[in-house]
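A.B. asks: Okay, so here is run-v9.tsv, and as you'll see once you scroll down, it has TSV, C-alpha atoms.
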chain	number	residue	atom	x	y	z
E	28	MET	CA	0.00	0.00	0.00
E	29	ARG	CA	1.30	3.43	-0.90
E	30	HIS	CA	1.79	5.72	2.03
E	31	LYS	CA	0.13	9.10	1.80
E	32	THR	CA	0.64	11.94	4.24
E	33	THR	CA	-1.66	14.94	4.35
E	34	LEU	CA	-0.94	18.06	6.36
E	35	ILE	CA	-3.47	20.82	6.90
E	36	LEU	CA	-1.27	23.90	7.06
E	37	ALA	CA	-3.55	26.61	8.31
E	38	THR	CA	-7.11	27.80	8.51
E	39	ALA	CA	-7.05	31.45	9.49
E	40	LEU	CA	-9.22	34.44	8.70
E	41	CYS	CA	-7.54	36.84	6.31
E	42	ALA	CA	-8.65	40.39	5.66
E	43	ALA	CA	-8.65	42.62	2.60
E	44	SER	CA	-8.45	45.55	4.98
E	45	ALA	CA	-8.66	46.14	8.70
E	46	THR	CA	-12.43	45.80	8.55
E	47	ALA	CA	-13.35	43.78	5.44
E	48	SER	CA	-12.86	40.01	5.52
E	49	ILE	CA	-12.45	37.88	2.39
E	50	ALA	CA	-12.38	34.20	3.37
E	51	ALA	CA	-10.43	31.64	5.31
E	52	ASN	CA	-7.05	30.35	4.17
E	53	ASN	CA	-7.27	26.68	3.24
E	54	ALA	CA	-4.11	24.83	2.20
E	55	ARG	CA	-3.20	21.16	2.29
E	56	ILE	CA	0.09	19.41	1.57
E	57	SER	CA	0.12	15.75	0.58
E	58	LYS	CA	3.10	13.51	-0.14
E	59	ASN	CA	2.52	10.42	-2.24
E	60	ALA	CA	4.21	8.37	-4.98
E	61	GLY	CA	7.29	10.56	-5.30
E	62	GLN	CA	5.37	13.84	-5.39
E	63	ILE	CA	4.60	16.71	-3.07
E	64	CYS	CA	1.25	18.32	-3.85
E	65	ILE	CA	-0.25	21.52	-2.49
E	66	ALA	CA	-3.94	22.27	-2.89
E	67	SER	CA	-5.34	25.60	-1.75
E	68	ASN	CA	-7.82	28.38	-2.33
E	69	GLY	CA	-4.93	30.79	-2.93
E	70	LEU	CA	-5.78	32.97	0.06
E	71	PRO	CA	-3.08	33.69	2.65
E	72	ASN	CA	-2.96	32.95	6.38
E	73	HIS	CA	-2.31	36.62	7.12
E	74	ALA	CA	-3.90	40.02	6.55
E	75	MET	CA	-3.83	41.44	3.05
E	76	GLY	CA	-3.67	45.02	1.88
E	77	ARG	CA	-6.64	46.69	0.23
E	78	PHE	CA	-7.31	45.67	-3.38
E	79	PRO	CA	-7.98	47.25	-5.83
E	80	ASN	CA	-5.52	50.05	-5.10
E	81	ARG	CA	-3.72	52.79	-7.00
E	82	GLY	CA	-1.10	50.45	-8.44
E	83	ASN	CA	-3.27	47.35	-8.81
E	84	PRO	CA	-6.79	47.46	-10.25
E	85	HIS	CA	-7.80	43.87	-9.43
E	86	ALA	CA	-9.85	42.38	-6.60
E	87	VAL	CA	-8.83	39.28	-4.66
E	88	SER	CA	-10.90	36.12	-5.13
E	89	ALA	CA	-10.57	32.54	-3.96
E	90	GLN	CA	-8.91	30.18	-6.46
E	91	ARG	CA	-8.72	26.44	-7.08
E	92	ILE	CA	-5.00	25.66	-6.93
E	93	ARG	CA	-3.41	22.22	-7.08
E	94	VAL	CA	0.24	21.87	-7.98
E	95	CYS	CA	2.55	18.86	-7.66
E	96	VAL	CA	6.34	18.77	-7.76
E	97	PRO	CA	8.81	15.88	-7.50
E	98	SER	CA	9.84	15.06	-3.94
E	99	ASN	CA	13.33	14.10	-5.16
E	100	PRO	CA	14.18	16.75	-7.81
E	101	LYS	CA	17.21	16.40	-10.06
E	102	LYS	CA	19.61	19.29	-10.59
E	103	ALA	CA	20.68	19.87	-14.19
E	104	SER	CA	24.05	21.32	-15.18
E	105	GLN	CA	22.49	24.54	-16.53
E	106	PRO	CA	19.52	26.54	-15.22
E	107	ARG	CA	16.62	27.99	-17.20
E	108	TRP	CA	15.34	31.53	-16.56
E	109	ILE	CA	11.58	31.61	-15.87
E	110	ASP	CA	10.15	34.95	-16.98
E	111	ARG	CA	6.45	34.00	-16.99
E	112	GLY	CA	4.27	31.91	-14.70
E	113	GLY	CA	4.88	30.72	-11.18
E	114	ILE	CA	8.31	30.02	-9.77
E	115	GLY	CA	6.91	28.21	-6.75
E	116	ILE	CA	4.31	28.03	-4.03
E	117	ALA	CA	4.46	28.93	-0.35
E	118	LEU	CA	3.45	26.45	2.34
E	119	ASN	CA	0.29	28.48	2.94
E	120	GLY	CA	-0.82	27.78	-0.64
E	121	VAL	CA	-0.09	31.23	-2.10
E	122	MET	CA	1.70	31.28	-5.44
E	123	ILE	CA	5.19	32.79	-5.81
E	124	ARG	CA	5.61	34.80	-9.01
E	125	PRO	CA	8.57	37.20	-8.75
E	126	GLU	CA	8.52	38.34	-12.39
E	127	ALA	CA	5.99	40.76	-13.86
E	128	ALA	CA	4.29	40.50	-17.25
E	129	ASP	CA	4.92	44.17	-18.14
E	130	CYS	CA	7.88	45.74	-19.94
E	131	TRP	CA	9.06	49.22	-20.84
E	132	ASP	CA	7.03	50.38	-23.86
E	133	PRO	CA	7.51	54.01	-24.90
E	134	SER	CA	4.60	53.71	-27.36
E	135	SER	CA	2.14	52.97	-24.53
E	136	PRO	CA	0.38	55.90	-22.76
E	137	ARG	CA	1.45	54.36	-19.45
E	138	GLY	CA	5.05	53.83	-20.56
E	139	PHE	CA	4.78	50.07	-20.15
E	140	SER	CA	2.73	47.22	-21.55
E	141	ARG	CA	2.87	43.47	-22.20
E	142	ASN	CA	4.81	44.16	-25.38
E	143	CYS	CA	8.31	43.17	-24.33
E	144	ALA	CA	10.11	44.04	-27.56
E	145	SER	CA	12.22	46.61	-25.68
E	146	GLY	CA	13.79	43.88	-23.54
E	147	TRP	CA	13.35	45.97	-20.36
E	148	ARG	CA	11.20	44.03	-17.90
E	149	LEU	CA	9.62	45.98	-15.06
E	150	GLU	CA	10.69	44.86	-11.58
E	151	PRO	CA	7.68	44.62	-9.20
E	152	MET	CA	9.91	45.16	-6.16
E	153	GLY	CA	11.45	48.29	-7.68
E	154	PRO	CA	11.24	51.80	-6.21
E	155	GLY	CA	7.91	53.59	-5.87
E	156	ASN	CA	5.74	50.47	-5.43
E	157	LYS	CA	4.30	50.93	-8.91
E	158	PHE	CA	2.59	47.53	-8.74
E	159	GLY	CA	0.56	48.23	-5.61
E	160	LEU	CA	2.18	45.55	-3.47
E	161	ASP	CA	0.85	45.18	0.06
E	162	GLN	CA	2.77	44.79	3.32
E	163	ASN	CA	3.53	41.17	2.43
E	164	LYS	CA	5.02	42.10	-0.95
E	165	ALA	CA	2.07	40.65	-2.83
E	166	HIS	CA	-0.65	41.83	-5.16
E	167	VAL	CA	-3.39	40.45	-7.43
E	168	ASP	CA	-3.61	39.47	-11.11
E	169	ARG	CA	-6.64	39.82	-13.39
E	170	ARG	CA	-8.00	36.43	-12.30
E	171	GLY	CA	-8.04	37.55	-8.66
E	172	LEU	CA	-4.97	35.45	-7.81
E	173	TYR	CA	-3.10	36.87	-4.82
E	174	HIS	CA	0.64	36.11	-5.22
E	175	TYR	CA	4.01	37.02	-3.75
E	176	HIS	CA	6.77	39.01	-5.47
E	177	GLY	CA	8.99	39.18	-2.40
E	178	MET	CA	9.41	37.43	0.93
E	179	PRO	CA	6.22	37.92	3.00
E	180	SER	CA	6.56	38.82	6.66
E	181	GLY	CA	3.24	37.23	7.65
E	182	LEU	CA	3.76	33.52	6.93
E	183	GLY	CA	3.92	32.80	10.66
E	184	ALA	CA	2.78	29.30	11.56
E	185	ALA	CA	2.86	28.23	7.90
E	186	LYS	CA	6.67	28.17	8.02
E	187	GLN	CA	8.50	24.99	8.95
E	188	GLY	CA	11.80	26.19	10.39
E	189	THR	CA	13.41	28.02	7.47
E	190	LEU	CA	11.31	26.16	4.88
E	191	ILE	CA	8.72	28.48	3.33
E	192	GLY	CA	7.68	26.60	0.18
E	193	TYR	CA	8.63	24.62	-2.89
E	194	ALA	CA	9.93	25.79	-6.24
E	195	ALA	CA	8.22	24.69	-9.45
E	196	ASP	CA	10.95	22.10	-10.04
E	197	GLY	CA	10.58	20.51	-6.59
E	198	PHE	CA	13.58	22.03	-4.79
E	199	GLU	CA	12.77	23.58	-1.43
E	200	ILE	CA	12.64	27.34	-0.87
E	201	HIS	CA	14.06	28.56	2.45
E	202	HIS	CA	14.34	31.90	4.19
E	203	ALA	CA	17.49	32.14	6.29
E	204	GLY	CA	17.65	35.90	6.80
E	205	GLY	CA	21.14	37.40	6.80
E	206	ARG	CA	22.82	34.00	6.82
E	207	VAL	CA	22.73	33.96	3.02
E	208	LYS	CA	23.60	36.69	0.55
E	209	SER	CA	22.41	37.37	-2.99
E	210	GLY	CA	25.07	37.47	-5.70
E	211	TYR	CA	23.24	40.18	-7.70
E	212	ARG	CA	24.20	43.86	-7.72
E	213	LEU	CA	22.85	46.98	-9.42
E	214	LYS	CA	24.79	47.90	-12.53
E	215	PRO	CA	26.82	51.10	-12.19
E	216	GLY	CA	26.05	54.24	-14.16
E	217	LYS	CA	23.09	54.88	-16.43
E	218	ARG	CA	20.96	52.86	-18.82
E	219	PRO	CA	21.20	53.53	-22.56
E	220	SER	CA	18.66	56.06	-23.80
E	221	GLY	CA	16.93	56.39	-27.15
E	222	GLY	CA	16.08	53.57	-29.52
E	223	GLY	CA	13.42	52.16	-27.20
E	224	ASN	CA	15.60	52.29	-24.09
E	225	PRO	CA	14.31	53.95	-20.91
E	226	GLY	CA	17.45	55.87	-19.93
E	227	GLY	CA	18.01	57.01	-16.35
E	228	ARG	CA	20.25	55.45	-13.75
E	229	TYR	CA	20.18	51.79	-12.83
E	230	ASP	CA	17.94	51.99	-9.75
E	231	GLY	CA	16.16	48.63	-9.71
E	232	SER	CA	13.11	49.66	-11.72
E	233	PHE	CA	13.89	46.95	-14.27
E	234	VAL	CA	15.14	43.38	-14.01
E	235	GLU	CA	17.91	44.35	-16.42
E	236	ASP	CA	19.19	46.93	-13.91
E	237	TYR	CA	20.84	44.04	-12.09
E	238	GLN	CA	23.79	41.84	-12.92
E	239	TYR	CA	25.02	38.67	-11.30
E	240	THR	CA	28.52	39.17	-9.95
E	241	GLY	CA	28.66	36.28	-7.50
E	242	GLY	CA	31.63	36.24	-5.20
E	243	SER	CA	32.65	34.38	-2.08
E	244	GLY	CA	29.79	33.52	0.25
E	245	THR	CA	27.00	34.46	-2.17
E	246	LEU	CA	24.19	32.38	-3.63
E	247	ASP	CA	24.26	31.20	-7.23
E	248	ALA	CA	22.44	32.90	-10.13
E	249	CYS	CA	19.19	31.13	-9.21
E	250	ASN	CA	19.44	32.25	-5.55
E	251	GLY	CA	20.38	28.72	-4.62
E	252	GLY	CA	22.95	27.11	-2.37
E	253	MET	CA	23.57	24.21	-0.04
E	254	LEU	CA	21.67	23.75	3.22
E	255	ASN	CA	22.24	20.75	5.47
E	256	GLY	CA	23.92	18.89	2.64
E	257	LYS	CA	21.29	19.46	-0.05
E	258	TYR	CA	20.70	22.05	-2.76
E	259	VAL	CA	17.84	24.50	-2.09
E	260	TYR	CA	16.70	27.94	-3.22
E	261	PHE	CA	16.46	30.91	-0.89
E	262	ALA	CA	14.21	33.94	-0.47
E	263	THR	CA	16.33	37.04	0.14
E	264	ALA	CA	15.70	40.64	1.11
E	265	GLU	CA	17.68	41.73	-1.98
E	266	PHE	CA	17.16	41.05	-5.68
E	267	PRO	CA	16.23	38.51	-7.00
E	268	TYR	CA	14.09	38.04	-3.82
E	269	PHE	CA	13.06	34.56	-5.02
E	270	PRO	CA	14.75	32.34	-7.63
E	271	ARG	CA	14.22	33.62	-11.17
E	272	CYS	CA	15.72	30.53	-12.79
E	273	LEU	CA	15.37	26.82	-12.10
E	274	TYR	CA	17.86	23.98	-12.24
E	275	GLY	CA	15.08	21.42	-12.58
E	276	THR	CA	12.05	21.11	-14.82
E	277	GLN	CA	9.22	23.57	-14.17
E	278	ALA	CA	6.10	21.53	-13.36
E	279	LYS	CA	3.31	21.99	-15.88
E	280	ALA	CA	0.85	23.47	-13.37
E	281	PHE	CA	3.15	26.49	-12.86
E	282	ARG	CA	3.47	27.44	-16.53
I need this file expressed as structure tokens, please.
C.D. replies:
Amino acid sequence: MRHKTTLILATALCAASATASIAANNARISKNAGQICIASNGLPNHAMGRFPNRGNPHAVSAQRIRVCVPSNPKKASQPRWIDRGGIGIALNGVMIRPEAADCWDPSSPRGFSRNCASGWRLEPMGPGNKFGLDQNKAHVDRRGLYHYHGMPSGLGAAKQGTLIGYAADGFEIHHAGGRVKSGYRLKPGKRPSGGGNPGGRYDGSFVEDYQYTGGSGTLDACNGGMLNGKYVYFATAEFPYFPRCLYGTQAKAFR
């Protein structure tokens, strides 16, 4: 008989504001036949900011999420950058999607659109909070899906030690605070201007404002490293915040 383990992570009331409740968080983790599966309604186990807001026009709604990843992922020799879709899922059942769908577009009235011909991808965690992120570094897409762009402060009881979730390829995602250090740095100087380029100094407004320099004691280009003898990804307070590339195969449900 196959052994199946199911863990109910949390059932807590979450609020769209201090006074308006949405619904209860409902997330379950099951482990069976070489897979780890998380099913949830996509709502967090902590308070949310108010949506819609100035930077985000969408309202939060409960979802039907079920994603499965291998419990024994294999690390390839080369990673693959994931610029669309989910990079992982937190233990509370909220999706992790660090990249944005919008790019610099000088032909758009807003200055950005989903036309990414310019090659300058907007960074949701950039200055000015242009994406309307709440206090847990999350916002909402057009489907009503609440999702994280940076490490949330409100995971609370949903954490298991430093483990906060699983990446789309099955490797664990941990948050170890200052014990780990990102290998990315802002590029010096200014961006090129003209010819569809935004100009201005490299200030973190775009993904391309950063470069991976590595160095002793830093994480790899996918924000990964060794923990207790195994390879894992990390959430960091600095860019890239979560892994932006994967060393394993992105599970279909995240694409």
A.B. asks: Would you tabulate, counting all atoms listed in the file, all residues of segment 106-188 of chain E that have an atom at most 12 Å from an atom of segment 223-231 of chain E, showing the closest pair of atoms and their distance in Å to one decimal, sorted by chain then ascending number, as a Markdown table?
C.D. replies:
| residue | atom | partner | partner_atom | distance |
| --- | --- | --- | --- | --- |
| E:Cys130 | CA | E:Pro225 | CA | 10.5 |
| E:Trp131 | CA | E:Pro225 | CA | 7.1 |
| E:Asp132 | CA | E:Gly223 | CA | 7.4 |
| E:Pro133 | CA | E:Gly223 | CA | 6.6 |
| E:Ser134 | CA | E:Gly223 | CA | 9.0 |
| E:Ser135 | CA | E:Gly223 | CA | 11.6 |
| E:Gly138 | CA | E:Pro225 | CA | 9.3 |
| E:Phe139 | CA | E:Pro225 | CA | 10.3 |
| E:Asn142 | CA | E:Gly223 | CA | 11.9 |
| E:Cys143 | CA | E:Gly223 | CA | 10.7 |
| E:Ala144 | CA | E:Gly223 | CA | 8.8 |
| E:Ser145 | CA | E:Gly223 | CA | 5.9 |
| E:Gly146 | CA | E:Asn224 | CA | 8.6 |
| E:Trp147 | CA | E:Asn224 | CA | 7.7 |
| E:Arg148 | CA | E:Gly231 | CA | 10.6 |
| E:Leu149 | CA | E:Gly231 | CA | 8.9 |
| E:Glu150 | CA | E:Gly231 | CA | 6.9 |
| E:Pro151 | CA | E:Gly231 | CA | 9.4 |
| E:Met152 | CA | E:Gly231 | CA | 8.0 |
| E:Gly153 | CA | E:Gly231 | CA | 5.1 |
| E:Pro154 | CA | E:Gly231 | CA | 6.8 |
| E:Gly155 | CA | E:Gly231 | CA | 10.4 |
| E:Asn156 | CA | E:Gly231 | CA | 11.4 |
A.B. asks: Which of these residues is nearest to Thr189 of chain E, using only C-alpha atoms: E:Ala165, E:Leu160, E:Ala128, E:Ala262?
C.D. replies: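 When distances to Thr189 of chain E are compared using only C-alpha atoms, the smallest one comes from E:Ala262.
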A.B. asks: Give me the segment 86-175 of chain E side of the contact with segment 49-56 of chain E, cut-off 9 Å, one line per residue showing its nearest atom pair and distance in Å at one decimal, counting only C-alpha atoms, sorted by chain and residue number, as a tab-separated table.
C.D. replies:
residue	atom	partner	partner_atom	distance
E:Val87	CA	E:Ile49	CA	8.0
E:Ser88	CA	E:Ile49	CA	7.9
E:Ala89	CA	E:Ala50	CA	7.7
E:Leu118	CA	E:Ala54	CA	7.7
E:Asn119	CA	E:Ala54	CA	5.8
E:Gly120	CA	E:Ala54	CA	5.3
E:Val121	CA	E:Ala54	CA	8.7
A.B. asks: Can you pull out every residue within 8 Å of Pro125 of chain E, counting only C-alpha atoms, but drop anything in the same chain fewer than 2 positions away, and send it as a list in words?
C.D. replies: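 Listed by chain and then number, they are Gly113, Ile114, Ile123, Ala127, Pro151, Tyr175, His176, Gly177, Pro267, Tyr268, Phe269, Pro270 and Arg271 of chain E.
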A.B. asks: Under the rule that only C-alpha atoms are counted, which of E:Pro106, E:Gly256, E:Gly171, E:Gly76 is the nearest residue to Gln90 of chain E?
C.D. replies: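 Residue with the minimum atom-to-atom distance to Gln90 of chain E: E:Gly171.
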A.B. asks: Out of E:Lys58, E:His201, E:Arg218, E:His174, which residue has the shortest atom-to-atom distance to Gly188 of chain E when counting all atoms listed in the file?
C.D. replies: E:His201
A.B. asks: Would you mind telling me which residue in E:Ser180, E:Ser57, E:Asn83, E:Gln105 lies nearest to Cys272 of chain E when using only C-alpha atoms?
C.D. replies: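 Among the listed residues, E:Gln105 lies closest to Cys272 of chain E.
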